[in-house]
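Asker: TSV, C-alpha atoms, saved as entry_39.tsv, coming up:
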```
chain	number	residue	atom	x	y	z
A	1	MET	CA	-11.55	38.61	1.37
A	2	GLU	CA	-8.01	37.27	1.82
A	3	THR	CA	-8.21	37.88	5.59
A	4	LYS	CA	-11.49	35.96	5.74
A	5	SER	CA	-10.02	33.06	3.74
A	6	TYR	CA	-6.94	32.95	6.00
A	7	SER	CA	-9.19	33.01	9.09
A	8	GLN	CA	-11.29	30.13	7.71
A	9	PHE	CA	-8.13	28.11	7.07
A	10	LEU	CA	-6.92	28.65	10.66
A	11	GLN	CA	-10.35	27.72	12.02
A	12	GLY	CA	-10.22	24.58	9.89
A	13	ILE	CA	-6.79	23.69	11.31
A	14	VAL	CA	-8.06	24.20	14.88
A	15	LYS	CA	-11.10	21.98	14.22
A	16	THR	CA	-8.81	19.38	12.65
A	17	MET	CA	-6.59	19.33	15.74
A	18	ARG	CA	-9.65	18.82	17.93
A	19	SER	CA	-11.00	16.04	15.70
A	20	TYR	CA	-7.64	14.24	15.51
A	21	LEU	CA	-6.17	15.17	18.88
A	22	CYS	CA	-4.48	11.85	19.68
A	23	GLU	CA	-3.13	11.32	16.15
A	24	LEU	CA	-1.46	14.75	15.93
A	25	SER	CA	-0.23	14.59	19.55
A	26	LEU	CA	1.42	11.26	18.77
A	27	CYS	CA	3.12	12.86	15.74
A	28	LEU	CA	4.51	15.62	17.98
A	29	ILE	CA	5.82	13.09	20.54
A	30	ALA	CA	7.41	11.00	17.77
A	31	PHE	CA	9.06	14.10	16.28
A	32	VAL	CA	10.61	15.04	19.63
A	33	ALA	CA	11.77	11.44	20.24
A	34	ASN	CA	13.23	11.18	16.75
A	35	THR	CA	15.08	14.49	17.11
A	36	ILE	CA	16.61	13.44	20.45
A	37	LEU	CA	17.65	9.96	19.25
A	38	PHE	CA	18.90	11.08	15.84
A	39	ASN	CA	22.51	11.68	16.92
A	40	GLN	CA	22.61	8.76	19.35
A	41	VAL	CA	21.12	5.83	17.39
A	42	PRO	CA	21.38	6.32	13.59
A	43	GLU	CA	19.14	3.31	12.84
A	44	GLN	CA	16.39	4.33	15.27
A	45	PRO	CA	14.74	7.22	13.32
A	46	GLY	CA	13.57	4.93	10.51
A	47	HIS	CA	12.19	2.44	13.03
A	48	ILE	CA	10.36	5.22	14.89
A	49	ALA	CA	8.96	6.61	11.63
A	50	LEU	CA	7.45	3.27	10.59
A	51	SER	CA	6.16	2.56	14.10
A	52	THR	CA	4.59	6.03	14.27
A	53	PHE	CA	2.85	5.64	10.92
A	54	PHE	CA	1.45	2.24	11.85
A	55	SER	CA	0.37	3.50	15.29
A	56	ILE	CA	-1.42	6.54	13.81
A	57	ALA	CA	-3.35	4.24	11.47
A	58	ILE	CA	-4.56	2.25	14.48
A	59	VAL	CA	-5.36	5.38	16.52
A	60	TYR	CA	-7.31	6.81	13.55
A	61	SER	CA	-9.25	3.55	13.32
A	62	MET	CA	-10.16	3.80	17.01
A	63	ASN	CA	-11.18	7.42	16.45
A	64	LYS	CA	-13.70	6.34	13.82
A	65	LEU	CA	-14.92	3.17	15.53
A	66	CYS	CA	-15.07	4.12	19.23
A	67	HIS	CA	-17.78	6.55	20.31
A	68	GLY	CA	-19.74	7.25	23.47
A	69	MET	CA	-18.78	4.94	26.33
A	70	LYS	CA	-16.05	3.37	24.22
A	71	ARG	CA	-14.27	6.70	23.63
A	72	TRP	CA	-11.67	5.86	26.29
A	73	ILE	CA	-10.26	3.26	23.89
A	74	TYR	CA	-9.41	6.02	21.42
A	75	TYR	CA	-7.72	8.19	24.06
A	76	SER	CA	-5.63	5.27	25.33
A	77	SER	CA	-4.81	3.88	21.87
A	78	PRO	CA	-1.62	6.01	21.40
A	79	LEU	CA	0.03	3.63	23.89
A	80	VAL	CA	0.40	1.15	21.02
A	81	TRP	CA	3.21	3.42	19.77
A	82	ILE	CA	5.35	2.42	22.76
A	83	ALA	CA	4.69	-1.26	22.01
A	84	PHE	CA	5.63	-0.85	18.33
A	85	VAL	CA	8.77	1.17	19.02
A	86	SER	CA	10.03	-1.50	21.42
A	87	SER	CA	8.87	-4.38	19.23
A	88	GLU	CA	10.87	-6.40	16.71
A	89	TYR	CA	7.86	-6.95	14.45
A	90	ILE	CA	7.85	-3.44	12.95
A	91	GLN	CA	11.37	-3.07	11.62
A	92	PHE	CA	13.15	-0.75	9.21
A	93	GLY	CA	16.08	-2.03	7.24
A	94	GLU	CA	17.28	-3.87	4.15
A	95	THR	CA	16.48	-7.31	5.59
A	96	GLN	CA	12.94	-6.20	6.50
A	97	ALA	CA	12.18	-4.34	3.23
A	98	VAL	CA	9.15	-6.52	2.42
A	99	GLN	CA	7.81	-6.23	5.96
A	100	MET	CA	8.27	-2.45	5.86
A	101	LEU	CA	6.29	-2.12	2.61
A	102	ILE	CA	3.54	-4.40	3.93
A	103	SER	CA	3.32	-2.34	7.13
A	104	ILE	CA	2.91	0.85	5.08
A	105	PHE	CA	0.25	-0.80	2.92
A	106	ILE	CA	-1.67	-2.09	5.96
A	107	GLY	CA	-1.46	1.34	7.56
A	108	PHE	CA	-2.97	3.14	4.55
A	109	SER	CA	-5.55	0.36	4.11
A	110	LEU	CA	-6.78	0.85	7.68
A	111	PHE	CA	-7.57	4.48	6.86
A	112	ILE	CA	-9.76	3.24	4.00
A	113	VAL	CA	-11.47	0.27	5.65
A	114	VAL	CA	-12.69	2.17	8.74
A	115	ALA	CA	-14.57	4.60	6.49
A	116	ASN	CA	-17.25	1.87	6.46
A	117	LYS	CA	-18.38	2.46	2.87
A	118	LYS	CA	-20.31	-0.76	2.21
A	119	LYS	CA	-21.88	0.37	-1.06
A	120	GLU	CA	-19.36	-0.24	-3.86
A	121	SER	CA	-19.92	3.11	-5.59
A	122	ASP	CA	-19.46	4.95	-2.25
A	123	PHE	CA	-16.29	2.96	-1.50
A	124	ALA	CA	-14.91	3.71	-4.97
A	125	GLN	CA	-15.61	7.43	-4.51
A	126	TYR	CA	-14.01	7.49	-1.04
A	127	LEU	CA	-10.94	5.57	-2.24
A	128	ILE	CA	-10.33	7.98	-5.12
A	129	ILE	CA	-10.78	10.98	-2.81
A	130	PHE	CA	-8.42	9.36	-0.27
A	131	VAL	CA	-5.71	8.81	-2.90
A	132	PHE	CA	-6.15	12.41	-4.07
A	133	THR	CA	-5.91	13.58	-0.45
A	134	VAL	CA	-2.64	11.70	0.15
A	135	ALA	CA	-1.14	12.97	-3.13
A	136	THR	CA	-2.17	16.57	-2.39
A	137	ALA	CA	-0.77	16.45	1.16
A	138	LEU	CA	2.50	14.94	-0.11
A	139	LEU	CA	2.84	17.61	-2.80
A	140	MET	CA	2.19	20.45	-0.33
A	141	THR	CA	4.64	18.92	2.16
A	142	LEU	CA	7.29	18.66	-0.57
A	143	ILE	CA	6.78	22.32	-1.44
A	144	PHE	CA	7.11	23.22	2.27
A	145	PHE	CA	10.32	21.16	2.54
A	146	ILE	CA	11.92	22.75	-0.54
A	147	LEU	CA	10.89	26.27	0.47
A	148	PHE	CA	12.21	26.07	4.04
A	149	SER	CA	15.40	24.33	2.89
A	150	VAL	CA	16.07	27.25	0.57
A	151	VAL	CA	15.21	29.77	3.31
A	152	ASP	CA	17.51	28.00	5.79
A	153	TYR	CA	20.36	27.88	3.29
A	154	SER	CA	19.89	31.54	2.30
A	155	THR	CA	19.78	32.68	5.95
A	156	ARG	CA	22.96	30.77	6.85
A	157	PHE	CA	24.72	32.06	3.75
A	158	ALA	CA	23.65	35.69	4.31
A	159	LEU	CA	24.59	35.73	8.02
A	160	ASP	CA	27.66	33.56	7.52
A	161	ILE	CA	26.61	31.33	10.44
A	162	ASN	CA	28.06	28.03	9.27
A	163	HIS	CA	28.05	25.68	6.33
A	164	PHE	CA	24.70	24.25	5.26
A	165	GLY	CA	24.95	20.54	6.04
A	166	GLU	CA	23.07	17.32	5.55
A	167	LYS	CA	21.72	17.44	9.10
A	168	ASP	CA	19.79	20.63	8.34
A	169	LEU	CA	17.94	18.87	5.53
A	170	LEU	CA	17.24	15.89	7.77
A	171	TYR	CA	15.79	18.03	10.55
A	172	ILE	CA	13.60	19.95	8.09
A	173	GLY	CA	12.61	16.62	6.57
A	174	MET	CA	11.63	15.19	9.96
A	175	PHE	CA	9.61	18.31	10.80
A	176	SER	CA	7.84	18.06	7.43
A	177	SER	CA	7.18	14.32	7.77
A	178	TYR	CA	6.06	14.23	11.41
A	179	LEU	CA	4.16	17.50	11.71
A	180	VAL	CA	3.44	19.21	8.39
A	181	PHE	CA	2.24	16.19	6.39
A	182	PRO	CA	0.00	14.69	9.13
A	183	THR	CA	-1.60	18.08	9.81
A	184	LEU	CA	-2.28	18.76	6.14
A	185	PHE	CA	-3.49	15.22	5.58
A	186	ALA	CA	-5.84	15.41	8.60
A	187	TYR	CA	-7.10	18.82	7.45
A	188	LEU	CA	-7.87	17.55	3.94
A	189	LEU	CA	-9.63	14.49	5.40
A	190	HIS	CA	-11.64	16.80	7.64
A	191	ILE	CA	-12.93	18.88	4.70
A	192	ARG	CA	-13.39	15.96	2.28
A	193	LYS	CA	-17.16	16.03	2.90
A	194	ARG	CA	-17.27	19.03	0.58
A	195	TRP	CA	-15.92	16.93	-2.28
A	196	GLU	CA	-18.13	14.84	-4.49
A	197	LEU	CA	-17.19	12.89	-7.59
A	198	ARG	CA	-19.53	12.72	-10.56
A	199	LYS	CA	-19.50	10.79	-13.81
A	200	GLU	CA	-19.15	14.13	-15.61
A	201	ASP	CA	-15.72	14.83	-14.09
A	202	ILE	CA	-13.27	15.20	-16.96
A	203	LEU	CA	-10.27	13.56	-15.28
A	204	LEU	CA	-12.27	10.54	-14.13
A	205	ASN	CA	-13.88	10.25	-17.54
A	206	ILE	CA	-10.49	10.25	-19.30
A	207	LEU	CA	-8.96	7.82	-16.80
A	208	ALA	CA	-11.88	5.38	-16.83
A	209	ASN	CA	-12.92	5.45	-20.50
A	210	TYR	CA	-9.70	6.16	-22.39
A	211	ILE	CA	-6.81	4.79	-20.28
A	212	ILE	CA	-7.65	2.06	-17.76
A	213	SER	CA	-10.55	0.39	-19.60
A	214	PRO	CA	-8.87	0.11	-23.05
A	215	GLY	CA	-5.61	-0.98	-21.38
A	216	THR	CA	-7.43	-3.71	-19.44
A	217	PHE	CA	-9.21	-4.87	-22.59
A	218	LEU	CA	-5.94	-5.16	-24.55
A	219	PHE	CA	-4.31	-6.92	-21.59
A	220	THR	CA	-7.24	-9.39	-21.59
A	221	VAL	CA	-6.80	-10.14	-25.30
A	222	THR	CA	-3.08	-10.75	-24.67
A	223	PHE	CA	-3.80	-13.32	-21.97
A	224	PHE	CA	-6.36	-15.12	-24.12
A	225	LEU	CA	-3.79	-15.35	-26.94
A	226	TYR	CA	-1.14	-16.57	-24.51
A	227	ALA	CA	-3.50	-19.21	-23.11
A	228	THR	CA	-4.29	-20.32	-26.69
A	229	ARG	CA	-0.57	-20.61	-27.41
A	230	ILE	CA	-0.07	-22.81	-24.33
A	231	ILE	CA	-2.88	-25.14	-25.40
A	232	TRP	CA	-1.55	-25.24	-28.99
A	233	THR	CA	2.09	-25.90	-28.08
A	234	ASN	CA	1.30	-27.99	-24.98
A	235	ARG	CA	3.98	-26.12	-22.98
A	236	LEU	CA	3.35	-24.93	-19.45
A	237	PRO	CA	4.21	-21.29	-18.63
A	238	GLN	CA	7.37	-20.31	-16.74
A	239	GLY	CA	7.18	-18.91	-13.22
A	240	GLU	CA	7.77	-15.35	-14.45
A	241	ILE	CA	4.24	-15.20	-15.91
A	242	ALA	CA	3.03	-14.75	-12.31
A	243	VAL	CA	4.19	-11.13	-12.34
A	244	LEU	CA	2.19	-10.36	-15.50
A	245	ALA	CA	-0.87	-12.21	-14.19
A	246	LEU	CA	-0.77	-10.29	-10.89
A	247	ALA	CA	-0.40	-7.00	-12.75
A	248	TYR	CA	-3.37	-7.85	-14.98
A	249	LEU	CA	-5.64	-8.91	-12.11
A	250	THR	CA	-4.74	-5.74	-10.19
A	251	ILE	CA	-5.54	-3.56	-13.21
A	252	THR	CA	-8.89	-5.31	-13.65
A	253	LEU	CA	-9.79	-4.49	-10.02
A	254	VAL	CA	-8.81	-0.84	-10.58
A	255	GLY	CA	-10.80	-0.79	-13.82
A	256	GLU	CA	-13.83	-2.32	-12.09
A	257	LEU	CA	-13.53	0.35	-9.40
A	258	LEU	CA	-13.44	3.17	-11.96
A	259	SER	CA	-16.27	1.64	-14.00
A	260	HIS	CA	-18.67	3.09	-11.41
A	261	PHE	CA	-17.87	6.50	-12.91
A	262	SER	CA	-18.10	5.43	-16.56
A	263	LYS	CA	-21.11	6.12	-18.78
A	264	ASN	CA	-19.77	3.95	-21.60
A	265	ARG	CA	-22.08	0.92	-21.97
A	266	PHE	CA	-19.42	-1.34	-23.47
A	267	TRP	CA	-16.97	-0.80	-20.60
A	268	SER	CA	-19.77	-1.22	-18.06
A	269	TRP	CA	-20.70	-4.56	-19.67
A	270	PHE	CA	-17.03	-5.60	-19.90
A	271	PHE	CA	-16.33	-5.06	-16.20
A	272	HIS	CA	-19.70	-6.52	-15.21
A	273	THR	CA	-18.57	-9.80	-16.86
A	274	ILE	CA	-14.92	-9.45	-15.79
A	275	THR	CA	-14.95	-12.77	-13.92
A	276	PHE	CA	-15.12	-14.67	-17.21
A	277	TRP	CA	-12.33	-12.63	-18.81
A	278	THR	CA	-9.96	-13.09	-15.88
A	279	LEU	CA	-10.19	-16.90	-15.81
A	280	PRO	CA	-7.17	-17.50	-18.14
A	281	ALA	CA	-5.00	-15.14	-16.09
A	282	LEU	CA	-6.11	-16.76	-12.85
A	283	VAL	CA	-5.36	-20.27	-14.18
A	284	LEU	CA	-1.94	-19.15	-15.47
A	285	LEU	CA	-1.23	-17.54	-12.09
A	286	TRP	CA	-1.93	-20.80	-10.26
A	287	ILE	CA	0.24	-22.77	-12.72
A	288	ALA	CA	3.10	-20.28	-12.35
A	289	THR	CA	2.76	-20.35	-8.55
A	290	ILE	CA	2.93	-24.15	-8.48
A	291	VAL	CA	5.94	-24.11	-10.84
A	292	ARG	CA	7.77	-21.74	-8.50
A	293	LEU	CA	6.93	-23.77	-5.40
A	294	ARG	CA	8.49	-26.87	-6.97
A	295	TYR	CA	11.88	-25.27	-6.38
A	296	GLY	CA	11.22	-24.70	-2.68
A	297	PHE	CA	9.56	-22.20	-0.37
A	298	THR	CA	10.82	-18.61	0.00
A	299	GLU	CA	9.36	-15.48	1.52
A	300	ALA	CA	8.45	-14.04	-1.89
A	301	ARG	CA	6.76	-17.30	-2.96
A	302	GLY	CA	4.82	-17.37	0.30
A	303	TYR	CA	3.34	-13.95	-0.44
A	304	LEU	CA	2.71	-15.07	-4.04
A	305	VAL	CA	0.59	-17.98	-2.76
A	306	LEU	CA	-1.25	-15.65	-0.38
A	307	VAL	CA	-2.08	-13.09	-3.08
A	308	THR	CA	-3.08	-15.87	-5.51
A	309	ILE	CA	-5.55	-17.25	-2.95
A	310	TRP	CA	-6.84	-13.72	-2.33
A	311	TYR	CA	-7.48	-13.05	-6.03
A	312	THR	CA	-9.11	-16.48	-6.41
A	313	LEU	CA	-11.43	-15.67	-3.50
A	314	ILE	CA	-12.36	-12.32	-5.08
A	315	PHE	CA	-13.22	-13.61	-8.53
A	316	ALA	CA	-14.85	-16.79	-7.20
A	317	SER	CA	-17.20	-14.63	-5.14
A	318	ARG	CA	-18.07	-12.71	-8.32
A	319	MET	CA	-19.48	-15.92	-9.80
A	320	LEU	CA	-21.93	-16.29	-6.90
A	321	PRO	CA	-23.94	-13.04	-6.58
A	322	ARG	CA	-25.20	-13.93	-3.10
A	323	MET	CA	-21.62	-14.41	-1.87
A	324	ARG	CA	-20.17	-11.41	-3.71
A	325	LEU	CA	-17.52	-9.66	-1.62
A	326	GLY	CA	-17.64	-5.87	-1.58
A	327	TYR	CA	-14.49	-3.77	-1.87
A	328	GLN	CA	-14.41	-3.12	1.87
A	329	LYS	CA	-14.49	-6.85	2.72
A	330	ILE	CA	-11.92	-7.58	0.01
A	331	LEU	CA	-9.49	-5.07	1.49
A	332	LEU	CA	-10.18	-6.23	5.05
A	333	ILE	CA	-9.42	-9.87	4.12
A	334	LEU	CA	-6.12	-8.80	2.53
A	335	ILE	CA	-5.17	-6.82	5.64
A	336	LEU	CA	-5.85	-9.81	7.90
A	337	LEU	CA	-3.92	-12.22	5.64
A	338	LEU	CA	-0.90	-9.92	5.36
A	339	ALA	CA	-0.91	-9.08	9.07
A	340	ALA	CA	-1.10	-12.77	10.05
A	341	THR	CA	1.75	-13.87	7.77
A	342	THR	CA	3.91	-10.86	8.63
A	343	TYR	CA	3.53	-10.38	12.39
A	344	LEU	CA	2.58	-13.80	13.80
A	345	PRO	CA	5.86	-15.66	14.56
A	346	PHE	CA	4.65	-19.18	13.76
A	347	ILE	CA	3.42	-18.29	10.24
A	348	ASN	CA	5.82	-15.42	9.50
A	349	PHE	CA	7.03	-15.99	5.93
A	350	HIS	CA	10.35	-14.25	6.59
A	351	LYS	CA	11.18	-16.54	9.53
A	352	ILE	CA	9.97	-19.67	7.75
A	353	ASP	CA	12.17	-18.78	4.77
A	354	GLY	CA	15.15	-18.31	7.11
A	355	ARG	CA	14.63	-21.70	8.77
A	356	LEU	CA	14.22	-23.54	5.47
A	357	THR	CA	17.28	-21.81	4.00
A	358	SER	CA	19.36	-22.91	6.99
A	359	GLN	CA	18.13	-26.48	6.55
A	360	ARG	CA	18.91	-26.46	2.84
A	361	LEU	CA	22.44	-25.18	3.45
A	362	ALA	CA	22.96	-27.85	6.09
A	363	ASP	CA	21.81	-30.61	3.72
A	364	PRO	CA	24.38	-31.25	0.92
A	365	VAL	CA	21.78	-32.76	-1.43
A	366	ALA	CA	19.38	-29.85	-0.98
A	367	LYS	CA	22.28	-27.46	-1.51
A	368	VAL	CA	23.03	-29.09	-4.88
A	369	HIS	CA	19.34	-28.82	-5.86
A	370	THR	CA	19.37	-25.13	-4.94
A	371	GLU	CA	22.43	-24.52	-7.10
A	372	ILE	CA	20.85	-26.42	-10.02
A	373	HIS	CA	17.71	-24.29	-9.66
A	374	ASN	CA	19.79	-21.10	-9.73
A	375	ILE	CA	21.59	-22.29	-12.88
A	376	GLU	CA	18.26	-23.15	-14.55
A	377	GLN	CA	16.87	-19.73	-13.72
A	378	THR	CA	19.99	-18.03	-15.12
A	379	MET	CA	19.77	-20.07	-18.34
A	380	TYR	CA	16.07	-19.23	-18.72
A	381	ARG	CA	16.70	-15.49	-18.34
A	382	THR	CA	19.56	-15.75	-20.85
A	383	ARG	CA	17.24	-17.37	-23.41
A	384	LEU	CA	14.69	-14.60	-22.86
A	385	SER	CA	17.34	-11.91	-23.40
A	386	LEU	CA	18.53	-13.62	-26.62
A	387	LYS	CA	14.97	-13.69	-27.97
```
Here is the file; what I need is its structure written in the form of structure tokens.
Answerer:
Amino acid sequence: METKSYSQFLQGIVKTMRSYLCELSLCLIAFVANTILFNQVPEQPGHIALSTFFSIAIVYSMNKLCHGMKRWIYYSSPLVWIAFVSSEYIQFGETQAVQMLISIFIGFSLFIVVANKKKESDFAQYLIIFVFTVATALLMTLIFFILFSVVDYSTRFALDINHFGEKDLLYIGMFSSYLVFPTLFAYLLHIRKRWELRKEDILLNILANYIISPGTFLFTVTFFLYATRIIWTNRLPQGEIAVLALAYLTITLVGELLSHFSKNRFWSWFFHTITFWTLPALVLLWIATIVRLRYGFTEARGYLVLVTIWYTLIFASRMLPRMRLGYQKILLILILLLAATTYLPFINFHKIDGRLTSQRLADPVAKVHTEIHNIEQTMYRTRLSLK
């Protein structure tokens, strides 16, 4: 029985390699390139890792979208890796931290969008399975990394070869990241057709009915009370409320997604009418965004405006049933907006922020206004801490 199970696993791995030939081949090439360049260019491995991840997301998309006569596009798509590695738009470093996170988000989002699940319940099921697949592959890769690190250390210690160094961990880490994780992830994606989520699933039932839904409801009550306080005191909210509003709107989307697996009538009704309940948070988000923009444009505020517009588009479409945007279109719009403002030079928020900062520093009056704004922000945070 064990031999049969092991044979089935190996057959599954072989089928996975055939199904995702270009993706896994690209991982192997990137691993070899990273290993060679590791000792020569210390900054390059991180850049290669991010470029490889983004390239694999594009190659996977071509794998799902290009069939028949268009199959040549899939087989030639790994060439984008060369473009990304030599490009300045996919960077890895402290100054490009936001761009790096956005690139990772876009990469994972491409895996989800190309699944082409237009029905909302199907999309919700696929998304949950995808998240579970990523988490499972990461956990198994971590176990592999720990196990082989211990084996390597024990072997070196027993044979008295040399001291176990940091480079050994890095090489094992690169092998795990470039080869083990992609293979496991591709294998789990390949067998995902066997998985099916039902409303009777205990974990989904607990998450949807007893954690996310009640939390969203309490969050909604909080925002209604806060909006009432603003009207009563006639005081506009500070810019920091934007973080809470974004968190709330994100949780409502997650709750709406999980409501497809809920049998509770109250929660189903609550998320069916969620557009009405999110109006105070959406209004407060716009007010907070405008308040922040009064002090000038920065990269973070640019993305705040973008996400605010995106959430407004989502919940506005909910008010008009004929124009309702499905989850797939919602995610696709976000990918296009983020990609445009991150990779296109003329609307790149990071570059616009850099130019405006240089202008402000060159202008003495603007410099004084910037310092006043920093002092006001410091005083506001001090008042919050004293409360």
Asker: Pick from A:Ala137, A:Ser177, A:Phe123, A:Val14: nearest to Ile48 of chain A, with only C-alpha atoms counted?
Answerer: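 Distance minimum relative to Ile48 of chain A lands on A:Ser177.
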Asker: Which is closest to Ile13 of chain A among A:Phe185, A:Phe157, A:Tyr343, A:Tyr311, if we use all atoms listed in the file?
Answerer: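 Counting all atoms listed in the file, the residue closest to Ile13 of chain A is A:Phe185.
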Asker: Each residue of segment 236-296 of chain A with at least one atom at most 12 Å from segment 224-231 of chain A should appear once, together with its nearest atom pair and the corresponding distance in Å (one decimal); atoms considered: all atoms listed in the file; ordering: chain, then increasing residue number; output as a tab-separated table.
Answerer:
```
residue	atom	partner	partner_atom	distance
A:Leu236	CA	A:Ile230	CA	6.3
A:Pro237	CA	A:Ile230	CA	7.3
A:Gln238	CA	A:Ile230	CA	10.9
A:Ile241	CA	A:Tyr226	CA	10.2
A:Leu244	CA	A:Tyr226	CA	11.4
A:Ala245	CA	A:Tyr226	CA	11.2
A:Phe276	CA	A:Phe224	CA	11.2
A:Trp277	CA	A:Phe224	CA	8.4
A:Thr278	CA	A:Phe224	CA	9.2
A:Leu279	CA	A:Phe224	CA	9.3
A:Pro280	CA	A:Ala227	CA	6.4
A:Ala281	CA	A:Phe224	CA	8.1
A:Leu282	CA	A:Ala227	CA	10.9
A:Val283	CA	A:Ala227	CA	9.2
A:Leu284	CA	A:Ala227	CA	7.8
A:Leu285	CA	A:Ala227	CA	11.4
A:Ile287	CA	A:Ala227	CA	11.6
```
Asker: Restricted to C-alpha atoms, what would the selected residues look like written as a PDB file, keeping the file's coordinate frame?
Answerer:
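What landed in selection22.pdb:
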```pdb
ATOM      1  CA  LEU A 236       3.350 -24.930 -19.450  1.00  0.00           C
ATOM      2  CA  PRO A 237       4.210 -21.290 -18.630  1.00  0.00           C
ATOM      3  CA  GLN A 238       7.370 -20.310 -16.740  1.00  0.00           C
ATOM      4  CA  ILE A 241       4.240 -15.200 -15.910  1.00  0.00           C
ATOM      5  CA  LEU A 244       2.190 -10.360 -15.500  1.00  0.00           C
ATOM      6  CA  ALA A 245      -0.870 -12.210 -14.190  1.00  0.00           C
ATOM      7  CA  PHE A 276     -15.120 -14.670 -17.210  1.00  0.00           C
ATOM      8  CA  TRP A 277     -12.330 -12.630 -18.810  1.00  0.00           C
ATOM      9  CA  THR A 278      -9.960 -13.090 -15.880  1.00  0.00           C
ATOM     10  CA  LEU A 279     -10.190 -16.900 -15.810  1.00  0.00           C
ATOM     11  CA  PRO A 280      -7.170 -17.500 -18.140  1.00  0.00           C
ATOM     12  CA  ALA A 281      -5.000 -15.140 -16.090  1.00  0.00           C
ATOM     13  CA  LEU A 282      -6.110 -16.760 -12.850  1.00  0.00           C
ATOM     14  CA  VAL A 283      -5.360 -20.270 -14.180  1.00  0.00           C
ATOM     15  CA  LEU A 284      -1.940 -19.150 -15.470  1.00  0.00           C
ATOM     16  CA  LEU A 285      -1.230 -17.540 -12.090  1.00  0.00           C
ATOM     17  CA  ILE A 287       0.240 -22.770 -12.720  1.00  0.00           C
TER      18      ILE A 287
END
```
Asker: Given the choices A:Phe53, A:Phe84, A:Tyr75, A:Tyr187, which gets closest to Phe108 of chain A if the distance is worked out from all atoms listed in the file?
Answerer: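 The closest residue to Phe108 of chain A is A:Phe53.
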Asker: With only C-alpha atoms as the atoms that count, which of A:Ala186, A:Cys22, A:Val85, A:Ile36 lies nearest to Arg71 of chain A?
Answerer: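 Nearest candidate to Arg71 of chain A out of A:Ala186, A:Cys22, A:Val85, A:Ile36: A:Cys22.
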Asker: Here's a test: counting all atoms listed in the file, identify every protein, DNA and RNA residue with an atom at most 12 Å from (-5.9, 14.6, 13.3) in the file's coordinate frame, and state them as an mmCIF file with C-alpha atoms, keeping the file's coordinate frame.
Answerer:
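Generated output (part.cif):
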```cif
data_model
loop_
_atom_site.group_PDB
_atom_site.id
_atom_site.type_symbol
_atom_site.label_atom_id
_atom_site.label_comp_id
_atom_site.auth_asym_id
_atom_site.auth_seq_id
_atom_site.Cartn_x
_atom_site.Cartn_y
_atom_site.Cartn_z
ATOM 1 C CA GLY A 12 -10.220 24.580 9.890
ATOM 2 C CA ILE A 13 -6.790 23.690 11.310
ATOM 3 C CA VAL A 14 -8.060 24.200 14.880
ATOM 4 C CA LYS A 15 -11.100 21.980 14.220
ATOM 5 C CA THR A 16 -8.810 19.380 12.650
ATOM 6 C CA MET A 17 -6.590 19.330 15.740
ATOM 7 C CA ARG A 18 -9.650 18.820 17.930
ATOM 8 C CA SER A 19 -11.000 16.040 15.700
ATOM 9 C CA TYR A 20 -7.640 14.240 15.510
ATOM 10 C CA LEU A 21 -6.170 15.170 18.880
ATOM 11 C CA CYS A 22 -4.480 11.850 19.680
ATOM 12 C CA GLU A 23 -3.130 11.320 16.150
ATOM 13 C CA LEU A 24 -1.460 14.750 15.930
ATOM 14 C CA SER A 25 -0.230 14.590 19.550
ATOM 15 C CA LEU A 26 1.420 11.260 18.770
ATOM 16 C CA CYS A 27 3.120 12.860 15.740
ATOM 17 C CA LEU A 28 4.510 15.620 17.980
ATOM 18 C CA ILE A 56 -1.420 6.540 13.810
ATOM 19 C CA ALA A 57 -3.350 4.240 11.470
ATOM 20 C CA VAL A 59 -5.360 5.380 16.520
ATOM 21 C CA TYR A 60 -7.310 6.810 13.550
ATOM 22 C CA SER A 61 -9.250 3.550 13.320
ATOM 23 C CA ASN A 63 -11.180 7.420 16.450
ATOM 24 C CA LYS A 64 -13.700 6.340 13.820
ATOM 25 C CA LEU A 179 4.160 17.500 11.710
ATOM 26 C CA VAL A 180 3.440 19.210 8.390
ATOM 27 C CA PHE A 181 2.240 16.190 6.390
ATOM 28 C CA PRO A 182 0.000 14.690 9.130
ATOM 29 C CA THR A 183 -1.600 18.080 9.810
ATOM 30 C CA LEU A 184 -2.280 18.760 6.140
ATOM 31 C CA PHE A 185 -3.490 15.220 5.580
ATOM 32 C CA ALA A 186 -5.840 15.410 8.600
ATOM 33 C CA TYR A 187 -7.100 18.820 7.450
ATOM 34 C CA LEU A 188 -7.870 17.550 3.940
ATOM 35 C CA LEU A 189 -9.630 14.490 5.400
ATOM 36 C CA HIS A 190 -11.640 16.800 7.640
ATOM 37 C CA ILE A 191 -12.930 18.880 4.700
#
```
Asker: Measure the distance from atom CA of Leu336 of chain A to atom CA of Ile274 of chain A in Å and round it to one decimal.
Answerer: 25.4 Å
Asker: Which residues are close to Ile73 of chain A, i.e. within 9 Å by all atoms listed in the file, leaving aside same-chain residues fewer than 6 positions away? Reply as a list in words.
Answerer: Met62, Asn63, Cys66 and His67 of chain A
Asker: What would the file look like if the residues just selected were written as a short mmCIF file (atom, residue, chain, number, x, y, z; two decimals), keeping the file's coordinate frame with C-alpha atoms?
Answerer:
```
data_model
loop_
_atom_site.label_atom_id
_atom_site.label_comp_id
_atom_site.auth_asym_id
_atom_site.auth_seq_id
_atom_site.Cartn_x
_atom_site.Cartn_y
_atom_site.Cartn_z
CA MET A 62 -10.16 3.80 17.01
CA ASN A 63 -11.18 7.42 16.45
CA CYS A 66 -15.07 4.12 19.23
CA HIS A 67 -17.78 6.55 20.31
#
```
Asker: Can you measure atom CA of Leu344 of chain A to atom CA of Ala83 of chain A for me? One decimal in Å is fine.
Answerer: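 Distance reported for this atom pair: 15.1 Å.
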